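Contents: one structure, followed by commentary.
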Amino acid sequence: MPAGRRGPAAQSARRPPPLLPLLLLCVLGAPRAGSGAHTAVISPQDPTLLIGSSLQATCSVHGDPPGATAEGLYWTLNGRRLPPELSRVLNTSTLALALANLNGSRQQSGDNLVCHARDGSILAGSCLYVGLPPEKPFNISCWSKNMKDLTCRWTPGAHGETFLHTNYSLKYKLRWYGQDNTCEEYHTVGPHSCHIPKDLALFTPYEIWVEATNRLGSARSDVLTLDILDVVTTDPPPDVHVSRVRGLEDQLSVRWVSPPALKDFLFQAKYQIRYRVEDSVDWKVVDDVSNQTSCRLAGLKPGTVYFVQVRCNPFGIYGSKKAGIWSEWSHPTAASTPRSERPGPGGGACEPRGGEPSSGPVRRELKQFLGWLKKHAYCSNLSFRLYDQWRAWMQKSHKTRNQDEGILPSGRRGTARGPAR
Amino acid sequence: MSRREGSLEAPQADSSVSLLPPLEAKIRQTHSLAHFLTKYAEQLLQEYVQLQGDPFGLPSFSPPRLPVAGLSAPAPSHAGLPVHERLRLDAAALDALPPLLEAVRRRQAELNPRAPRLLRRLEDAARQARALGAAVEAVLAALGAANRGPRAEPPAAAAAASAASGVFPAKVLGLRVCGLYREWLSRTEGDLGQLLPGGPA
């Protein structure tokens with residue numbers, strides 16, 4: 001049994017006759033005088049029916065001269081002739097049709113049921129609407145861009161297949177007062193979405209729901225309650241710059257700007273970086289960036305082009321305790337690590353510019369070692385910055401040694417040709 | 001451009017008018033527009049029949065050619081009329097089409113609400129018919145053969161009537177209007193082509 005309330009269309013298929021004068025427009029089925037031609041009327045006109053139900057229809061011929069016969073008439077449905085055993089002559093001018101176990105309508109404008117004369121000419125037509133009432137929409141999710149608007153998306157019940165045109169209407173109201181409002185800008189981010197562009201209040205909850213209506217009934221979703229501040233997202237961080245770190249062939253420095261629209265509110269914002277090698281589809285994600293606007297990727301392959309993207313989560317805005325919604329990723333920014341003779345490590349993670357340890361395995365162990373040294377060996381000056389300086393010095397001295405030993409041709413200092421052997 | 005015999009005022013001299021270069025350019029431009037819109041009308045018709053469902057798209061489909069208020073198909077005698085008279089009839093038909101196309105669009109918005117391309121094509125067709133009609137009238141005026149009588153009012157009742165009739169008749173009516181649109185565009189293209197020295201470019 002389909003869910004939802006039954007509409008009035010399911011109970012009665014009759015419509016009141018058109019009231020406008022028919023002199024200006026000849027409607028198919030209206031009698032013509034004195035021409036010897038026949039027309040007909042199909043009843044019911046444009047009925048709406050449940051899938052699996054039956055239909056009894058009639059085609060009544062009238063014309064000049066009177067006494068037009070129903071013999072020889074036949075039916076087609078969507079252009080296909082119906083078997084004669086489905087029809088019977090009720091009287092001299094009326095042919096009846098019985099259809100059982102109807103399938104869902106083939107097109108939303110209605111299935112075309114046509115009554116034909118013996119010679120195939122069309123006498124009358126009626127459109128059948130066979131389908132299901134809508135089921136309850138569900139899975140409503142909403143987000144606000146920069147606290148200025150609200151966009152919501154939902155899933156239609158029964159995956160939307162009612163075989164009838166079903167209208168979805170997003171409604172919203174302030175929780176404790178105010179009237180129902182109806183969203184007006186539909187299909188903004190997909191077929192089941194709506195955008196409310198303005199006049200939204202902050203610090204107060206809204207109730208949001210979706211109503212689905214078609215010729216066979218209506219259904220309403222559960223109500224979603226939210227505060228705009230709990231579903232804020234923002235534009236991706238602009239001005240993402242990726243550059244080399246002097247002297248280090250396995251690192252890249254990433255800098256970006258807070259999204260301008262929320263720049264003054266993003267005290268607790270989170271950022272996430274992802275990067276991949278140029279000819280790979282696998283992204284590596286770094287998500288312990290906190291609210292910095294710069295980061296250093298370490299443990300990269302030397303001489304390799306990387307694509308980098310950044311996104312922002314404005315969580316905690318105006319004190320909201322909710323998780324926040326990640327922005328889209330910024331446009332990819334490309335940069336390459338310097339070339340090196342030595343094979344580089346496979347990959348790494350982000351280092352904040354302050355030089356704090358990161359989460360790569362080698363560096364993690366080094367962090368632990370440095371921590372132990374500071375405790376037990378009184379090496380208070382040890383830090384990752386010192387380590388990086390040492391690495392840069394090592395690489396420079398390695399190149400110089402190779403050149404002195406004749407491995408690198410003179411005049412081409414800094415160009416690696418491969419291992420020393 | 002070669003000069004031809006005949007006079008602009010002589011209604012019998014269909015293809016032998018002498019055209020000034022700006023006028024010829026205007027006629028060529030209007031003829032090109034009609035040619036382009038004829039192709040567009042063909043696409044509109046194809047999209048329309050597809051969305052109404054069979055039998056509308058079947059080759060054997062032959063609905064009654066219902067009379068449409070304020071507009072009829074080009075008569076068989078149309079081709080035998082003087083070119084100015086033909087163009088006047090073309091302009092009158094193009095003037096009658098926009099409200100009919102708009103009525104079809106409104107009905108299709110109810111029947112096929114998820115067919116934005118069809119609805120947009122119908123809206124564009126009304127606008128294009130208006131534009132081409134104005135261009136044809138400008139050509140007639142330049143030829144000194146513009147309509148001098150009062151302009152007939154568009155048949156507003158036809159639009160309302162189509163909204164009140166059953167769905168199947170409304171589909172048939174829409175098919176008729178789209179068909180008339182294509183016929184009159186094609187006729188206008190042909191009639192303008194006869195004005196051009198040497199035929200269409």
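Chain labels run A, B, ... following the order of the structure tokens; each chain numbers its residues from 1, and ligands are numbered from 1 in the order shown.
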
Please identify all residues of chain B having at least one atom at most 7 Å from any atom of chain A, considering only C-alpha atoms, and return them as a list in words.
Gln52, Gly53, Asp54, Pro55, Pro63, Pro64, Leu66, Pro67, Val68, Ala69, Leu111, Asn112, Ala158, Ala161, Ala164, Ser165, Gly166, Val167, Phe168 and Pro169 of chain B

For region 98-107 of chain B, please output as a VMD selection string all residues within 6 Å (counting only C-alpha atoms; exclusion window: fewer than 6 positions along the same chain).
chain B and resid 119 122 126 159 174

Residues just named, written with N, CA, C and O atoms as a compact mmCIF listing (two decimals), in the first residue's frame:
```
# COMPACT_ATOMS: atom_id res chain seq x y z
N LEU B 119 10.38 24.29 -23.33
CA LEU B 119 9.73 25.53 -22.91
C LEU B 119 10.54 26.73 -23.40
O LEU B 119 9.99 27.75 -23.85
N LEU B 122 10.01 27.18 -27.16
CA LEU B 122 8.72 27.80 -27.48
C LEU B 122 8.77 29.30 -27.19
O LEU B 122 8.24 30.11 -27.97
N ALA B 126 8.43 32.36 -30.16
CA ALA B 126 7.52 33.51 -30.15
C ALA B 126 8.30 34.79 -30.41
O ALA B 126 7.90 35.65 -31.21
N ALA B 159 -5.85 31.37 -26.79
CA ALA B 159 -4.94 30.97 -25.72
C ALA B 159 -5.73 30.44 -24.53
O ALA B 159 -5.41 29.40 -23.97
N GLY B 174 -1.07 22.04 -29.90
CA GLY B 174 0.33 22.47 -29.86
C GLY B 174 1.10 21.99 -31.07
O GLY B 174 1.92 22.71 -31.64
```

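Coordinates place CA of Leu252 (chain A) at a distance of 25.1 Å from CA of Leu266 (chain A).
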
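The spacing separating CA of Cys152 (chain A) from CA of Gln179 (chain A) amounts to 19.0 Å.
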
Write out as number ranges by chain all residues of region 88-149 of chain B that DSSP puts in helix (DSSP H, G or I) for this structure's backbone.
B: 88-111, 116-142

Selection to disk with N, CA and C atoms, as a short mmCIF file (atom, residue, chain, number, x, y, z; two decimals), in the first residue's frame:
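Wrote it out as again26.cif, contents follow:
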```
data_model
loop_
_atom_site.label_atom_id
_atom_site.label_comp_id
_atom_site.auth_asym_id
_atom_site.auth_seq_id
_atom_site.Cartn_x
_atom_site.Cartn_y
_atom_site.Cartn_z
N ARG B 88 2.92 40.18 -47.42
CA ARG B 88 1.95 40.73 -46.46
C ARG B 88 1.30 39.60 -45.67
N LEU B 89 0.95 38.53 -46.36
CA LEU B 89 0.37 37.38 -45.68
C LEU B 89 1.38 36.74 -44.73
N ASP B 90 2.64 36.69 -45.18
CA ASP B 90 3.70 36.15 -44.31
C ASP B 90 3.80 36.99 -43.03
N ALA B 91 3.82 38.31 -43.21
CA ALA B 91 3.96 39.19 -42.06
C ALA B 91 2.76 39.04 -41.12
N ALA B 92 1.57 38.93 -41.69
CA ALA B 92 0.37 38.77 -40.85
C ALA B 92 0.43 37.46 -40.07
N ALA B 93 0.89 36.39 -40.71
CA ALA B 93 1.00 35.10 -40.02
C ALA B 93 2.04 35.17 -38.91
N LEU B 94 3.18 35.80 -39.20
CA LEU B 94 4.23 35.92 -38.18
C LEU B 94 3.75 36.77 -37.01
N ASP B 95 2.85 37.70 -37.29
CA ASP B 95 2.30 38.52 -36.22
C ASP B 95 1.31 37.73 -35.39
N ALA B 96 0.61 36.78 -35.98
CA ALA B 96 -0.40 35.99 -35.25
C ALA B 96 0.23 34.86 -34.45
N LEU B 97 1.44 34.45 -34.81
CA LEU B 97 2.05 33.27 -34.16
C LEU B 97 2.46 33.47 -32.70
N PRO B 98 3.05 34.59 -32.31
CA PRO B 98 3.57 34.69 -30.94
C PRO B 98 2.55 34.37 -29.84
N PRO B 99 1.33 34.92 -29.83
CA PRO B 99 0.42 34.54 -28.74
C PRO B 99 0.03 33.07 -28.78
N LEU B 100 -0.02 32.49 -29.96
CA LEU B 100 -0.34 31.05 -30.05
C LEU B 100 0.80 30.22 -29.48
N LEU B 101 2.04 30.59 -29.83
CA LEU B 101 3.20 29.86 -29.29
C LEU B 101 3.28 30.03 -27.78
N GLU B 102 2.91 31.21 -27.30
CA GLU B 102 2.94 31.46 -25.85
C GLU B 102 1.87 30.60 -25.16
N ALA B 103 0.72 30.45 -25.78
CA ALA B 103 -0.33 29.61 -25.20
C ALA B 103 0.14 28.16 -25.15
N VAL B 104 0.81 27.72 -26.19
CA VAL B 104 1.34 26.35 -26.20
C VAL B 104 2.38 26.20 -25.10
N ARG B 105 3.23 27.19 -24.95
CA ARG B 105 4.26 27.12 -23.92
C ARG B 105 3.64 27.01 -22.53
N ARG B 106 2.60 27.77 -22.28
CA ARG B 106 1.95 27.73 -20.96
C ARG B 106 1.36 26.36 -20.70
N ARG B 107 0.75 25.79 -21.71
CA ARG B 107 0.16 24.47 -21.51
C ARG B 107 1.24 23.41 -21.33
N GLN B 108 2.29 23.52 -22.08
CA GLN B 108 3.38 22.55 -21.95
C GLN B 108 4.09 22.69 -20.61
N ALA B 109 4.09 23.88 -20.03
CA ALA B 109 4.67 24.07 -18.69
C ALA B 109 3.91 23.24 -17.66
N GLU B 110 2.62 23.00 -17.88
CA GLU B 110 1.85 22.13 -16.99
C GLU B 110 2.07 20.66 -17.34
N LEU B 111 2.13 20.35 -18.64
CA LEU B 111 2.22 18.94 -19.05
C LEU B 111 3.64 18.40 -18.97
N PRO B 116 12.73 21.85 -19.69
CA PRO B 116 13.05 23.27 -19.83
C PRO B 116 13.48 23.65 -21.23
N ARG B 117 14.09 22.69 -21.94
CA ARG B 117 14.57 23.05 -23.28
C ARG B 117 13.39 23.29 -24.22
N LEU B 118 12.33 22.45 -24.12
CA LEU B 118 11.15 22.67 -24.95
C LEU B 118 10.51 24.01 -24.61
N LEU B 119 10.38 24.29 -23.33
CA LEU B 119 9.73 25.53 -22.91
C LEU B 119 10.54 26.73 -23.40
N ARG B 120 11.86 26.61 -23.34
CA ARG B 120 12.71 27.70 -23.80
C ARG B 120 12.60 27.87 -25.31
N ARG B 121 12.53 26.76 -26.04
CA ARG B 121 12.40 26.83 -27.50
C ARG B 121 11.08 27.51 -27.89
N LEU B 122 10.01 27.18 -27.16
CA LEU B 122 8.72 27.80 -27.48
C LEU B 122 8.77 29.30 -27.19
N GLU B 123 9.41 29.65 -26.11
CA GLU B 123 9.53 31.07 -25.77
C GLU B 123 10.37 31.79 -26.84
N ASP B 124 11.47 31.16 -27.24
CA ASP B 124 12.32 31.75 -28.27
C ASP B 124 11.58 31.87 -29.59
N ALA B 125 10.77 30.85 -29.91
CA ALA B 125 10.04 30.85 -31.18
C ALA B 125 9.10 32.05 -31.26
N ALA B 126 8.43 32.36 -30.16
CA ALA B 126 7.52 33.51 -30.15
C ALA B 126 8.30 34.79 -30.41
N ARG B 127 9.44 34.88 -29.77
CA ARG B 127 10.26 36.08 -29.93
C ARG B 127 10.79 36.18 -31.35
N GLN B 128 11.20 35.07 -31.90
CA GLN B 128 11.78 35.06 -33.25
C GLN B 128 10.73 35.35 -34.31
N ALA B 129 9.52 34.84 -34.10
CA ALA B 129 8.44 35.13 -35.05
C ALA B 129 8.17 36.63 -35.08
N ARG B 130 8.20 37.22 -33.91
CA ARG B 130 7.96 38.66 -33.81
C ARG B 130 9.06 39.41 -34.56
N ALA B 131 10.28 38.99 -34.35
CA ALA B 131 11.42 39.68 -34.97
C ALA B 131 11.39 39.54 -36.48
N LEU B 132 11.10 38.32 -36.96
CA LEU B 132 11.07 38.12 -38.40
C LEU B 132 9.91 38.88 -39.03
N GLY B 133 8.77 38.88 -38.33
CA GLY B 133 7.62 39.64 -38.84
C GLY B 133 7.95 41.11 -38.98
N ALA B 134 8.64 41.65 -38.01
CA ALA B 134 9.02 43.07 -38.07
C ALA B 134 9.99 43.31 -39.23
N ALA B 135 10.89 42.37 -39.45
CA ALA B 135 11.85 42.52 -40.54
C ALA B 135 11.15 42.45 -41.90
N VAL B 136 10.17 41.58 -42.03
CA VAL B 136 9.42 41.47 -43.30
C VAL B 136 8.63 42.75 -43.54
N GLU B 137 8.05 43.28 -42.49
CA GLU B 137 7.30 44.54 -42.65
C GLU B 137 8.23 45.68 -43.02
N ALA B 138 9.44 45.66 -42.50
CA ALA B 138 10.41 46.70 -42.88
C ALA B 138 10.76 46.57 -44.36
N VAL B 139 10.87 45.36 -44.84
CA VAL B 139 11.15 45.16 -46.27
C VAL B 139 9.98 45.66 -47.10
N LEU B 140 8.77 45.34 -46.66
CA LEU B 140 7.58 45.80 -47.38
C LEU B 140 7.52 47.32 -47.40
N ALA B 141 7.83 47.92 -46.28
CA ALA B 141 7.81 49.39 -46.22
C ALA B 141 8.85 49.97 -47.17
N ALA B 142 10.01 49.35 -47.21
CA ALA B 142 11.05 49.85 -48.11
C ALA B 142 10.65 49.67 -49.57
#
```

Nearest to Val210 (chain A), chosen from A:His62, A:Arg118, A:Arg244, A:Lys171, with only C-alpha atoms counted in the distances:
A:Lys171
